[in-house]
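Before any comments, here is the structure.
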Amino acid sequence: MEKSETVLPGHARVIIIGGGIIGCSIAYHLGQMGCKEVVLLEKDELTSGTTWHAAGLMVTFGSLSETATQMRIYGRDLYTRLEEETGLSTGFTPVGFIEAAANRDRLEEYRRVAAFNRYCGVDVHEISPKEIKDLFPLARVDDLLAGFYVKEDGRVNPVDATMALARGARNFGVKILEKTAVTGLIKKNGSVAGVKTAFGNIQADAVVNCAGMWARQLGAVDGINIPNQAAEHYYLITEELDNIPKNMPVLEDPSHYGYYREEVGGLMIGLFEPRCAPWKIGRVPEDFTFGEIAPDWDRMGPFLEKAMSRVPVTMALGVKKFFCGPESFTPDLQAIIGEAPELKNYFVTAGLNSVGIIMGPGLGQMMARWIMTGNPQADITGFNMARLHTFQNNPEYRRHRTVESLGMVYQCHYPYQSMKTARGAKRSAVYDRLKAKGAYFRDVSGWEGADWFAPTPQQAVIEKHAWGREPWFGFWEAEHRAARENVVLMDMSFMPKFLVQGKDSGKVLNYICANHVNGPAGRITYTTCLNKEGQVMADLTVTKLSSDRFFVVVTDTIHRHALAWIQRHIPDTAHAFVTDMTSAYAQLNIQGPKSRDLLQSVTDTDLANDLFPFRHAQKIAIGYGRVLCVRITYVGELGYELYIPTEQAVHVYDTLVEAGKPFGLTHAGLKALGSLRLEKGYRDYGHDMDNTDNPYEAGLGFTVRLDKPGDFIGKEACIAKKAAGPLQRRLAQVLVKDPEPLLHHGEVIFRNKKPAGYVRSGSYGYTLGGAVGLFMIEADEPVDAAYVKNGRWEIDIAGKTFPAAVSLTPLYDPEMKRVKG
Ligand SMILES: Cc1cc2nc3c(=O)[nH]c(=O)nc-3n(C[C@H](O)[C@H](O)[C@H](O)COP(=O)(O)OP(=O)(O)OC[C@H]3O[C@@H](n4cnc5c(N)ncnc54)[C@H](O)[C@@H]3O)c2cc1C
């Protein structure tokens with residue numbers, strides 16, 4: 001190894017590992033925010049990993065995430081003005097960008113995305129095939145339906161952009177050391193304390209792993225789970241073309257697997273093939289630097305041919321270069337960012353899924369904020385690395401899932417789609433029983449989650465996805481109605497469960513949770529956990545089993561995040577310990593007006609309303625099983641959650657199903673759970689509320705008990721929020737008055753013709769008679785009942801406007817009569 005030319009500093013406030021676009025952007029933004037003693041260590045040269053060969057598309061159109069779209073807009077803006085500040089051009093050229101829609105489903109998708117992107121500030125216009133031809137004369141447009149054009153988007157030179165960020169960072173005092181590989185970490189008391197290199201150690205307060213496709217193996221040295229995987233990624237550059245039209249925009253056509261732009265007088269054709277090839281599953285060589293992969297012409301030939309047919313002139317041109325380079329992909333096509341749940345102050349920003357140049361500036365800004373203030377100040381629930389599990393790091397998992405993830409970039413993103421590869425990793429104890437009952441399963445954080453039930457297992461398939469009603473909707477409706485009118489059984493064993501034990505556990509949980517969770521034993525409390533700024537970090541139910549034992553349940557997407565949050569906030573001196581019990585208990589839900597009668601038929605415990613009221617919990621016997629029975633609901637009906645030792649789950653399930661026959665017990669899946677809970681306005685963390693919301697805005701003020709004994713995290717911020725006067729942001733329910741259209745996510749809602757928010761979660765309310773969702777009203781005046789009443793509410797669904805009803809109180813059973821009866 002070449003020796004680092006500079007003597008290493010002994011200490012840094014922040015060490016950044018990796019000098020690609022991401023590392024340099026974080027360095028720049030830390031410097032800009034005034035962070036002193038920032039050191040970036042690059043094992044070879046800046047840009048030598050993946051960044052040097054990126055195609056450089058800088059596109060703001062296309063995401064249904066508000067965080068991602070804001071980052072894209074910020075990135076384009078920064079690339080535009082960085083030269084002025086640093087003297088180095090980023091090569092940004094606003095040639096424009098067109099997304100082509102070649103069939104009706106794509107058109108629907110892009111209309112939905114366009115409305116949402118406009119709401120976020122992207123100036124996107126739907127244009128005709130003729131207008132596409134005018135802008136990109138080389139394209140064949142006879143089979144296109146429309147294009148979505150953003151005039152201000154364009155392309156950037158990835159190396160120049162990285163160098164400009166690095167120059168900016170140096171100007172702020174950041175030290176950048178090349179030829180200095182990090183080999184591992186120094187740790188102290190559960191925190192990172194520095195890094196090791198071949199030339200010595202550097203102590204540090206925080207470390208950020210931006211090692212691109214090496215991030216996984218570098219993390220693994222210290223037991224950090226970063227399941228990104230390199231995959232082959234291609235573009236082709238043609239020979240020069242006579243009289244190539246000037247200023248052609250970038251054109252993208254997912255139906256032909258390609259994007260197209262001018263490149264030194266020829267054309268660049270970038271490819272996203274539907275099934276791709278992971279690269280170096282075992283280990284990415286350390287010395288792969290400014291590297292290329294030998295292209296697989298045989299595998300790529302058919303895709304290339306298809307891509308070329310969109311711009312027919314390319315078929316007659318010679319190929320100057322068919323380039324293949326590795327890019328990192330992740331199990332769900334979202335980046336891997338945040339603070340590692342395994343180690344405090346160790347941050348990761350990796351796994352960019354081919355949008356690292358687009359997202360680099362925005363991610364750099366957000367990560368710098370996060371490292372400096374402890375708060376990313378943007379919704380990171382979809383990107384948080386804690387959502388990923390260690391089994392997803394297994395070679396076999398990455399080998400299978402990555403084949404699908406690159407291809408997903410250009411798939412039509414239908415609302416009811418689930419990843420098909422790497423399935424079956426986690427199955428509940430009653431999986432086979434549910435399968436025999438006709439369950440259609442989807443991937444729920446790696447679990448096989450029953451989504452809906454067909455009358456026979458043979459019918460539990462989706463032949464073709466759609467934006468509208470799919471053939472199985474009737475099964476879903478029947479489950480929804482059974483829950484409202486009769487009784488259903490749901491398997492929710494995938495819900496993470498923790499046991500918090502110890503003499504101080506009640507006191508500690510009361511400090512971590514905003515609600516008063518340390519009342520009498522045998523009670524369950526729904527609560528939020530807040531950060532010190534009073535924003536919601538998690539929502540959970542806490543069941544007090546006894547004075548020193550508490551049973552905590554959270555949603556699947558925050559399994560590791562919530563566990564780490566609780567662990568990290570137990571004071572060192574407290575006698576309290578948290579254990580992950582997810583595998584120890586199955587969870588079966590019995591919900592609906594007849595749930596008490598059914599349950600009573602299998603247990604000797606008297607379940608009468610006065611003896612076992614809402615929000616109470618007790619151990620009961622069901623057959624030979626001992627079950628923790630909690631009277632609670634997430635669907636808005638009389639109902640019970642049963643926590644069953646895993647080895648007794650099949651027995652208890654069989655007992656319930658047999659006893660359920662005279663009651664007409666119906667199996668119900670997650671689709672019904674979604675439609676039922678949205679009618680009732682129940683929240684789902686990470687979907688309709690996130691780390692930027694405070695509980696009052698989220699309509700969860702009842703989970704904040706300012707009057708309880710002792711302090712709790714976020715208390716001061718909550719007091720200040722209450723004192724600040726009426727809320728101007730509030731989560732509300734929306735119901736589409738026309739029973740026909742469906743809500744999925746991202747549909748924009750208007751109040752008196754002015755955008756007021758977008759649907760965070762949507763479903764179909766079979767009882768309410770229309771599509772229903774939750775959205776955050778963003779106003780510049782107090783949002784109260786009068787504000788809602790005085791508004792004329794409409795919603796844009798795929799380019800059409802429909803009248804809507806909006807409510808701050810649950811549209812279904814606001815008085816809780818059904819739940820408490
Ligand atoms: C063919 C192709 C086309 C693409 N086109 C686009 C596009 O048009 N638009 C877009 O947005 N994105 C595009 N991308 C994706 C984009 O290039 C990546 O997302 C981005 O470059 C990733 O940046 P990074 O900083 O995470 O990784 P890298 O650039 O790989 O940087 C990581 C750095 O970490 C260093 N490192 C690794 N281990 C260590 C260690 N132990 N110690 C010190 N340093 C270490 C490496 O040497 C490397 O320099 C494309 C990718 C490919 C392959």
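Residues in the structure tokens are numbered from 1 in each chain, the chains being A, B, ... in the order shown, and ligands are numbered from 1 in the order shown.
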
Do you know which residues are at most 7 Å from Thr180 in chain A counting only C-alpha atoms, after dropping those on the same chain fewer than 5 positions away, and could you put them as a PyMOL selection string?
chain A and resi 4+41-44+197

Just want the 7 Å neighbourhood of range 134-149 of chain A, counted on only C-alpha atoms, with same-chain residues fewer than 4 positions away dropped. Output as a ChimeraX atom specification.
/A:97-103,124-130,248-249,310-311

Could you write out the selected residues, including all heavy atoms, as a CSV table (one decimal), in the first residue's frame?
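Contents of part06.csv, as written:
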chain,number,residue,atom,x,y,z
A,97,PHE,N,-35.3,17.2,-19.2
A,97,PHE,CA,-35.5,15.7,-19.0
A,97,PHE,C,-36.9,15.4,-19.4
A,97,PHE,O,-37.9,16.1,-19.0
A,97,PHE,CB,-35.3,15.3,-17.5
A,97,PHE,CG,-35.7,13.9,-17.2
A,97,PHE,CD1,-34.9,12.9,-17.6
A,97,PHE,CD2,-36.9,13.7,-16.5
A,97,PHE,CE1,-35.2,11.6,-17.3
A,97,PHE,CE2,-37.2,12.4,-16.2
A,97,PHE,CZ,-36.4,11.3,-16.6
A,98,ILE,N,-37.1,14.3,-20.1
A,98,ILE,CA,-38.4,13.8,-20.5
A,98,ILE,C,-38.5,12.3,-20.0
A,98,ILE,O,-37.7,11.5,-20.4
A,98,ILE,CB,-38.6,13.8,-22.0
A,98,ILE,CG1,-38.4,15.2,-22.6
A,98,ILE,CG2,-40.0,13.3,-22.4
A,98,ILE,CD1,-38.4,15.2,-24.1
A,99,GLU,N,-39.6,12.0,-19.3
A,99,GLU,CA,-39.9,10.6,-18.9
A,99,GLU,C,-41.1,10.2,-19.9
A,99,GLU,O,-42.1,10.9,-19.9
A,99,GLU,CB,-40.4,10.6,-17.5
A,99,GLU,CG,-40.7,9.2,-17.0
A,99,GLU,CD,-39.4,8.5,-16.5
A,99,GLU,OE1,-38.9,8.9,-15.4
A,99,GLU,OE2,-38.9,7.7,-17.3
A,100,ALA,N,-40.8,9.2,-20.7
A,100,ALA,CA,-41.8,8.8,-21.7
A,100,ALA,C,-42.8,7.7,-21.1
A,100,ALA,O,-42.3,6.8,-20.4
A,100,ALA,CB,-41.1,8.2,-22.9
A,101,ALA,N,-44.0,7.9,-21.4
A,101,ALA,CA,-45.1,6.9,-21.1
A,101,ALA,C,-45.5,6.2,-22.3
A,101,ALA,O,-46.1,6.8,-23.2
A,101,ALA,CB,-46.2,7.6,-20.4
A,102,ALA,N,-45.2,4.8,-22.3
A,102,ALA,CA,-45.5,4.1,-23.6
A,102,ALA,C,-46.8,3.2,-23.4
A,102,ALA,O,-47.2,2.6,-24.4
A,102,ALA,CB,-44.4,3.2,-23.9
A,103,ASN,N,-47.4,3.2,-22.3
A,103,ASN,CA,-48.7,2.5,-22.2
A,103,ASN,C,-49.5,3.1,-21.1
A,103,ASN,O,-49.1,4.0,-20.3
A,103,ASN,CB,-48.5,1.0,-21.9
A,103,ASN,CG,-47.7,0.8,-20.6
A,103,ASN,OD1,-48.0,1.3,-19.6
A,103,ASN,ND2,-46.6,0.0,-20.7
A,124,VAL,N,-43.0,20.2,-13.6
A,124,VAL,CA,-43.1,19.2,-14.6
A,124,VAL,C,-44.4,19.3,-15.4
A,124,VAL,O,-45.5,19.7,-14.9
A,124,VAL,CB,-43.0,17.8,-14.0
A,124,VAL,CG1,-44.0,17.6,-12.8
A,124,VAL,CG2,-43.2,16.7,-15.0
A,125,HIS,N,-44.3,19.1,-16.7
A,125,HIS,CA,-45.4,19.3,-17.6
A,125,HIS,C,-45.6,18.0,-18.4
A,125,HIS,O,-44.7,17.4,-18.9
A,125,HIS,CB,-45.2,20.4,-18.6
A,125,HIS,CG,-45.0,21.7,-17.9
A,125,HIS,ND1,-46.1,22.6,-17.6
A,125,HIS,CD2,-43.9,22.3,-17.4
A,125,HIS,CE1,-45.6,23.6,-16.9
A,125,HIS,NE2,-44.3,23.5,-16.8
A,126,GLU,N,-46.9,17.7,-18.6
A,126,GLU,CA,-47.2,16.5,-19.5
A,126,GLU,C,-47.2,17.1,-20.9
A,126,GLU,O,-47.8,18.1,-21.2
A,126,GLU,CB,-48.6,16.0,-19.2
A,126,GLU,CG,-48.9,14.7,-20.0
A,126,GLU,CD,-50.2,14.0,-19.6
A,126,GLU,OE1,-50.6,14.1,-18.4
A,126,GLU,OE2,-50.8,13.4,-20.4
A,127,ILE,N,-46.5,16.4,-21.8
A,127,ILE,CA,-46.3,16.8,-23.2
A,127,ILE,C,-46.8,15.7,-24.1
A,127,ILE,O,-46.8,14.5,-23.8
A,127,ILE,CB,-44.9,17.3,-23.6
A,127,ILE,CG1,-43.9,16.2,-23.3
A,127,ILE,CG2,-44.6,18.6,-22.7
A,127,ILE,CD1,-42.5,16.6,-23.8
A,128,SER,N,-47.1,16.1,-25.4
A,128,SER,CA,-47.6,15.1,-26.3
A,128,SER,C,-46.4,14.4,-27.0
A,128,SER,O,-45.3,14.9,-27.0
A,128,SER,CB,-48.4,15.8,-27.4
A,128,SER,OG,-47.5,16.7,-28.2
A,129,PRO,N,-46.7,13.3,-27.7
A,129,PRO,CA,-45.6,12.6,-28.5
A,129,PRO,C,-45.0,13.5,-29.5
A,129,PRO,O,-43.7,13.5,-29.7
A,129,PRO,CB,-46.3,11.4,-29.2
A,129,PRO,CG,-47.5,11.2,-28.3
A,129,PRO,CD,-47.9,12.5,-27.7
A,130,LYS,N,-45.8,14.4,-30.1
A,130,LYS,CA,-45.2,15.3,-31.1
A,130,LYS,C,-44.2,16.3,-30.4
A,130,LYS,O,-43.1,16.6,-30.9
A,130,LYS,CB,-46.3,16.1,-31.7
A,130,LYS,CG,-45.8,17.2,-32.6
A,130,LYS,CD,-46.7,17.8,-33.6
A,130,LYS,CE,-46.1,18.9,-34.4
A,130,LYS,NZ,-45.1,19.8,-33.7
A,248,MET,N,-30.4,18.5,-27.1
A,248,MET,CA,-31.5,17.6,-26.8
A,248,MET,C,-31.6,17.3,-25.3
A,248,MET,O,-30.5,17.1,-24.6
A,248,MET,CB,-31.2,16.3,-27.5
A,248,MET,CG,-31.5,16.3,-29.0
A,248,MET,SD,-31.6,14.6,-29.7
A,248,MET,CE,-30.0,14.0,-29.2
A,249,PRO,N,-32.8,17.1,-24.8
A,249,PRO,CA,-32.9,16.8,-23.4
A,249,PRO,C,-32.5,15.3,-23.1
A,249,PRO,O,-32.3,14.6,-24.1
A,249,PRO,CB,-34.4,17.0,-23.1
A,249,PRO,CG,-35.1,16.9,-24.4
A,249,PRO,CD,-34.1,17.3,-25.5
A,310,ARG,N,-35.8,2.4,-29.6
A,310,ARG,CA,-36.5,3.7,-29.3
A,310,ARG,C,-35.8,4.9,-30.1
A,310,ARG,O,-36.5,5.8,-30.4
A,310,ARG,CB,-36.4,4.0,-27.8
A,310,ARG,CG,-36.9,5.3,-27.3
A,310,ARG,CD,-38.3,5.6,-27.6
A,310,ARG,NE,-39.3,4.7,-27.1
A,310,ARG,CZ,-40.5,4.4,-27.7
A,310,ARG,NH1,-40.8,4.9,-28.9
A,310,ARG,NH2,-41.3,3.6,-27.1
A,311,VAL,N,-34.5,4.7,-30.3
A,311,VAL,CA,-33.8,5.8,-31.1
A,311,VAL,C,-33.1,5.1,-32.3
A,311,VAL,O,-31.9,4.7,-32.2
A,311,VAL,CB,-32.8,6.5,-30.2
A,311,VAL,CG1,-32.1,7.6,-30.9
A,311,VAL,CG2,-33.4,7.1,-28.9

I'd like the neighbourhood of range 514-526 of chain A as a ChimeraX atom specification, where a residue qualifies if any of its atoms comes within 9 Å (using only C-alpha atoms), though same-chain residues fewer than 3 positions away should be ignored.
/A:505-507,509-511,529-530,539-547,551,614-618,630-632,702-709,712-715

Choose the residue, out of A:Ile380, A:Val461, A:Ala55, A:Val95, that has the smallest atom-to-atom separation from Gly325 in chain A; count only C-alpha atoms.
A:Ala55

Mind checking which residues fall within 9 Å of Lys196 in chain A, counting only C-alpha atoms, ignoring those fewer than 4 positions away in the same chain, and posting them as a VMD selection string?
chain A and resid 181 to 186 200 to 203

Step one, run DSSP on the backbone; step two, keep only residues of range 217-345 of chain A assigned to strand (DSSP E); then write them as a VMD selection string.
chain A and resid 229 to 238 250 to 253 258 to 263 266 to 271 319 to 329 336 to 339

Write the residues of the selection above to a file with N, CA and C atoms, as a compact mmCIF listing (two decimals), in the first residue's frame.
# COMPACT_ATOMS: atom_id res chain seq x y z
N GLN A 229 -25.44 -4.34 -2.01
CA GLN A 229 -24.80 -5.32 -2.89
C GLN A 229 -24.52 -4.68 -4.24
N ALA A 230 -23.29 -4.83 -4.71
CA ALA A 230 -22.94 -4.30 -6.02
C ALA A 230 -23.60 -5.14 -7.12
N ALA A 231 -23.94 -4.47 -8.20
CA ALA A 231 -24.53 -5.16 -9.36
C ALA A 231 -23.98 -4.54 -10.63
N GLU A 232 -23.97 -5.33 -11.68
CA GLU A 232 -23.54 -4.81 -12.99
C GLU A 232 -24.50 -3.70 -13.42
N HIS A 233 -23.93 -2.61 -13.94
CA HIS A 233 -24.77 -1.51 -14.40
C HIS A 233 -24.13 -0.95 -15.68
N TYR A 234 -24.97 -0.75 -16.71
CA TYR A 234 -24.44 -0.55 -18.06
C TYR A 234 -24.84 0.77 -18.70
N TYR A 235 -23.98 1.28 -19.54
CA TYR A 235 -24.38 2.21 -20.60
C TYR A 235 -23.51 2.00 -21.82
N LEU A 236 -24.03 2.47 -22.93
CA LEU A 236 -23.32 2.34 -24.19
C LEU A 236 -23.15 3.72 -24.80
N ILE A 237 -21.98 3.94 -25.41
CA ILE A 237 -21.76 5.22 -26.10
C ILE A 237 -21.50 4.93 -27.58
N THR A 238 -22.28 5.58 -28.40
CA THR A 238 -22.16 5.32 -29.84
C THR A 238 -21.06 6.21 -30.44
N VAL A 250 -32.41 14.93 -21.90
CA VAL A 250 -32.27 13.50 -21.57
C VAL A 250 -33.65 12.89 -21.74
N LEU A 251 -33.71 11.77 -22.43
CA LEU A 251 -34.99 11.07 -22.61
C LEU A 251 -34.90 9.74 -21.89
N GLU A 252 -35.95 9.40 -21.17
CA GLU A 252 -35.97 8.10 -20.48
C GLU A 252 -37.23 7.35 -20.88
N ASP A 253 -37.06 6.07 -21.21
CA ASP A 253 -38.22 5.25 -21.56
C ASP A 253 -38.10 3.88 -20.89
N GLY A 258 -34.32 1.93 -21.27
CA GLY A 258 -33.21 2.82 -21.57
C GLY A 258 -33.43 4.28 -21.26
N TYR A 259 -32.32 4.98 -21.08
CA TYR A 259 -32.31 6.45 -21.11
C TYR A 259 -31.27 6.89 -22.13
N TYR A 260 -31.47 8.09 -22.66
CA TYR A 260 -30.70 8.52 -23.83
C TYR A 260 -30.29 9.97 -23.65
N ARG A 261 -29.04 10.24 -23.97
CA ARG A 261 -28.60 11.63 -23.97
C ARG A 261 -27.39 11.77 -24.89
N GLU A 262 -27.12 12.99 -25.27
CA GLU A 262 -25.97 13.26 -26.13
C GLU A 262 -24.69 13.04 -25.32
N GLU A 263 -23.65 12.50 -25.96
CA GLU A 263 -22.35 12.35 -25.31
C GLU A 263 -21.26 12.54 -26.38
N GLY A 266 -21.94 11.79 -29.92
CA GLY A 266 -22.70 10.54 -30.12
C GLY A 266 -23.84 10.49 -29.12
N LEU A 267 -24.35 9.27 -28.92
CA LEU A 267 -25.44 9.12 -27.95
C LEU A 267 -25.03 8.17 -26.84
N MET A 268 -25.44 8.50 -25.64
CA MET A 268 -25.28 7.55 -24.54
C MET A 268 -26.63 6.86 -24.33
N ILE A 269 -26.57 5.54 -24.24
CA ILE A 269 -27.80 4.78 -23.92
C ILE A 269 -27.55 4.06 -22.60
N GLY A 270 -28.24 4.48 -21.58
CA GLY A 270 -28.09 3.83 -20.28
C GLY A 270 -29.16 2.76 -20.13
N LEU A 271 -28.86 1.72 -19.37
CA LEU A 271 -29.77 0.56 -19.32
C LEU A 271 -30.14 0.17 -17.88
N VAL A 319 -20.33 1.20 -32.06
CA VAL A 319 -20.28 1.34 -30.60
C VAL A 319 -18.87 1.78 -30.20
N LYS A 320 -18.82 2.92 -29.54
CA LYS A 320 -17.51 3.41 -29.09
C LYS A 320 -17.13 2.72 -27.78
N LYS A 321 -18.15 2.54 -26.95
CA LYS A 321 -17.85 1.95 -25.64
C LYS A 321 -19.12 1.30 -25.08
N PHE A 322 -19.01 0.04 -24.68
CA PHE A 322 -20.10 -0.58 -23.91
C PHE A 322 -19.55 -0.73 -22.51
N PHE A 323 -20.04 0.12 -21.62
CA PHE A 323 -19.43 0.22 -20.29
C PHE A 323 -20.25 -0.54 -19.25
N CYS A 324 -19.55 -1.27 -18.41
CA CYS A 324 -20.21 -1.90 -17.26
C CYS A 324 -19.42 -1.56 -16.00
N GLY A 325 -20.10 -0.98 -15.04
CA GLY A 325 -19.46 -0.67 -13.76
C GLY A 325 -20.38 -1.10 -12.64
N PRO A 326 -19.83 -1.34 -11.45
CA PRO A 326 -20.69 -1.78 -10.34
C PRO A 326 -21.36 -0.61 -9.63
N GLU A 327 -22.61 -0.80 -9.28
CA GLU A 327 -23.34 0.17 -8.45
C GLU A 327 -24.04 -0.61 -7.34
N SER A 328 -24.18 0.01 -6.18
CA SER A 328 -24.78 -0.67 -5.02
C SER A 328 -26.29 -0.63 -5.05
N PHE A 329 -26.89 -1.76 -4.77
CA PHE A 329 -28.36 -1.82 -4.64
C PHE A 329 -28.72 -2.39 -3.27
N ILE A 336 -29.34 3.36 2.29
CA ILE A 336 -29.10 2.90 3.67
C ILE A 336 -28.44 4.06 4.41
N ILE A 337 -29.22 4.74 5.23
CA ILE A 337 -28.65 5.92 5.88
C ILE A 337 -29.03 5.94 7.37
N GLY A 338 -28.27 6.73 8.10
CA GLY A 338 -28.64 6.94 9.49
C GLY A 338 -27.57 6.49 10.46
N GLU A 339 -27.96 6.49 11.71
CA GLU A 339 -27.05 6.06 12.78
C GLU A 339 -27.26 4.57 12.99

Do you know which residues are at most 8 Å from range 814-820 of chain A counting only C-alpha atoms, after dropping those on the same chain fewer than 3 positions away, and could you put them as a ChimeraX atom specification?
/A:593,613-614,633,636-639,680,809-811

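Closest approach to ligand 1 from the set A:Pro471, A:Pro645, A:Gly681, A:Gly364 is made by A:Gly364, with distances taken over only C-alpha atoms and all ligand atoms.
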
Residues within 7 Å of range 578-588 of chain A, only C-alpha atoms, excluding chain neighbours under 2 positions, as an MDAnalysis selection string
chainID A and resid 489:493 496:501 567 576 590 641:646 649

How about saving the chosen residues, C-alpha atoms kept, as an mmCIF file, in the first residue's frame?
data_model
loop_
_atom_site.group_PDB
_atom_site.id
_atom_site.type_symbol
_atom_site.label_atom_id
_atom_site.label_comp_id
_atom_site.auth_asym_id
_atom_site.auth_seq_id
_atom_site.Cartn_x
_atom_site.Cartn_y
_atom_site.Cartn_z
ATOM 1 C CA LEU A 489 -58.754 -13.814 12.796
ATOM 2 C CA MET A 490 -55.519 -12.125 11.745
ATOM 3 C CA ASP A 491 -51.999 -13.464 12.121
ATOM 4 C CA MET A 492 -49.700 -10.606 13.086
ATOM 5 C CA SER A 493 -46.794 -12.602 14.442
ATOM 6 C CA PRO A 496 -41.859 -6.896 17.110
ATOM 7 C CA LYS A 497 -42.241 -7.575 20.834
ATOM 8 C CA PHE A 498 -39.897 -6.539 23.603
ATOM 9 C CA LEU A 499 -39.814 -7.359 27.287
ATOM 10 C CA VAL A 500 -38.607 -4.560 29.544
ATOM 11 C CA GLN A 501 -37.739 -5.891 32.978
ATOM 12 C CA GLN A 567 -31.844 0.527 24.845
ATOM 13 C CA ALA A 576 -33.949 -2.021 33.565
ATOM 14 C CA ILE A 590 -59.507 -11.828 17.106
ATOM 15 C CA GLU A 641 -54.724 -9.496 20.664
ATOM 16 C CA LEU A 642 -53.413 -12.887 21.733
ATOM 17 C CA TYR A 643 -49.710 -13.348 22.432
ATOM 18 C CA ILE A 644 -49.007 -17.049 22.362
ATOM 19 C CA PRO A 645 -45.749 -18.883 23.084
ATOM 20 C CA THR A 646 -44.609 -19.796 19.563
ATOM 21 C CA ALA A 649 -49.427 -21.125 18.410
#

I need the alpha helix (DSSP H) residues of range 675-710 of chain A per DSSP on the backbone, written as a count of residues only.
6

Compile the contact shell of range 154-159 of chain A as JSON, numbers by chain: residues with an atom at most 7 Å away, counting only C-alpha atoms, same-chain residues fewer than 2 positions apart removed.
{"A": [47, 51, 52, 54, 56, 57, 58, 59, 90, 91, 92, 93, 94, 95, 96, 97, 152, 161, 162, 163, 249, 250, 357]}

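For the residues A:Thr50, A:Asn345, A:Thr557, A:Gln392, ranking by smallest atom-to-atom distance to Ile293 in chain A using only C-alpha atoms places A:Thr50 first.
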
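For the pair CA of Gln458 in chain A and CA of Phe475 in chain A, the interatomic distance is 13.8 Å.
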
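We find CA of Met366 in chain A and CA of Ala378 in chain A to be spaced 7.6 Å apart.
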
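Going from CA of His744 in chain A to CA of Gly762 in chain A covers 4.7 Å.
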
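Restricting the calculation to only C-alpha atoms, the smallest distance between Ala422 in chain A and any of A:Gly360, A:Pro331, A:Gly351, A:Gly592 is found for A:Pro331.
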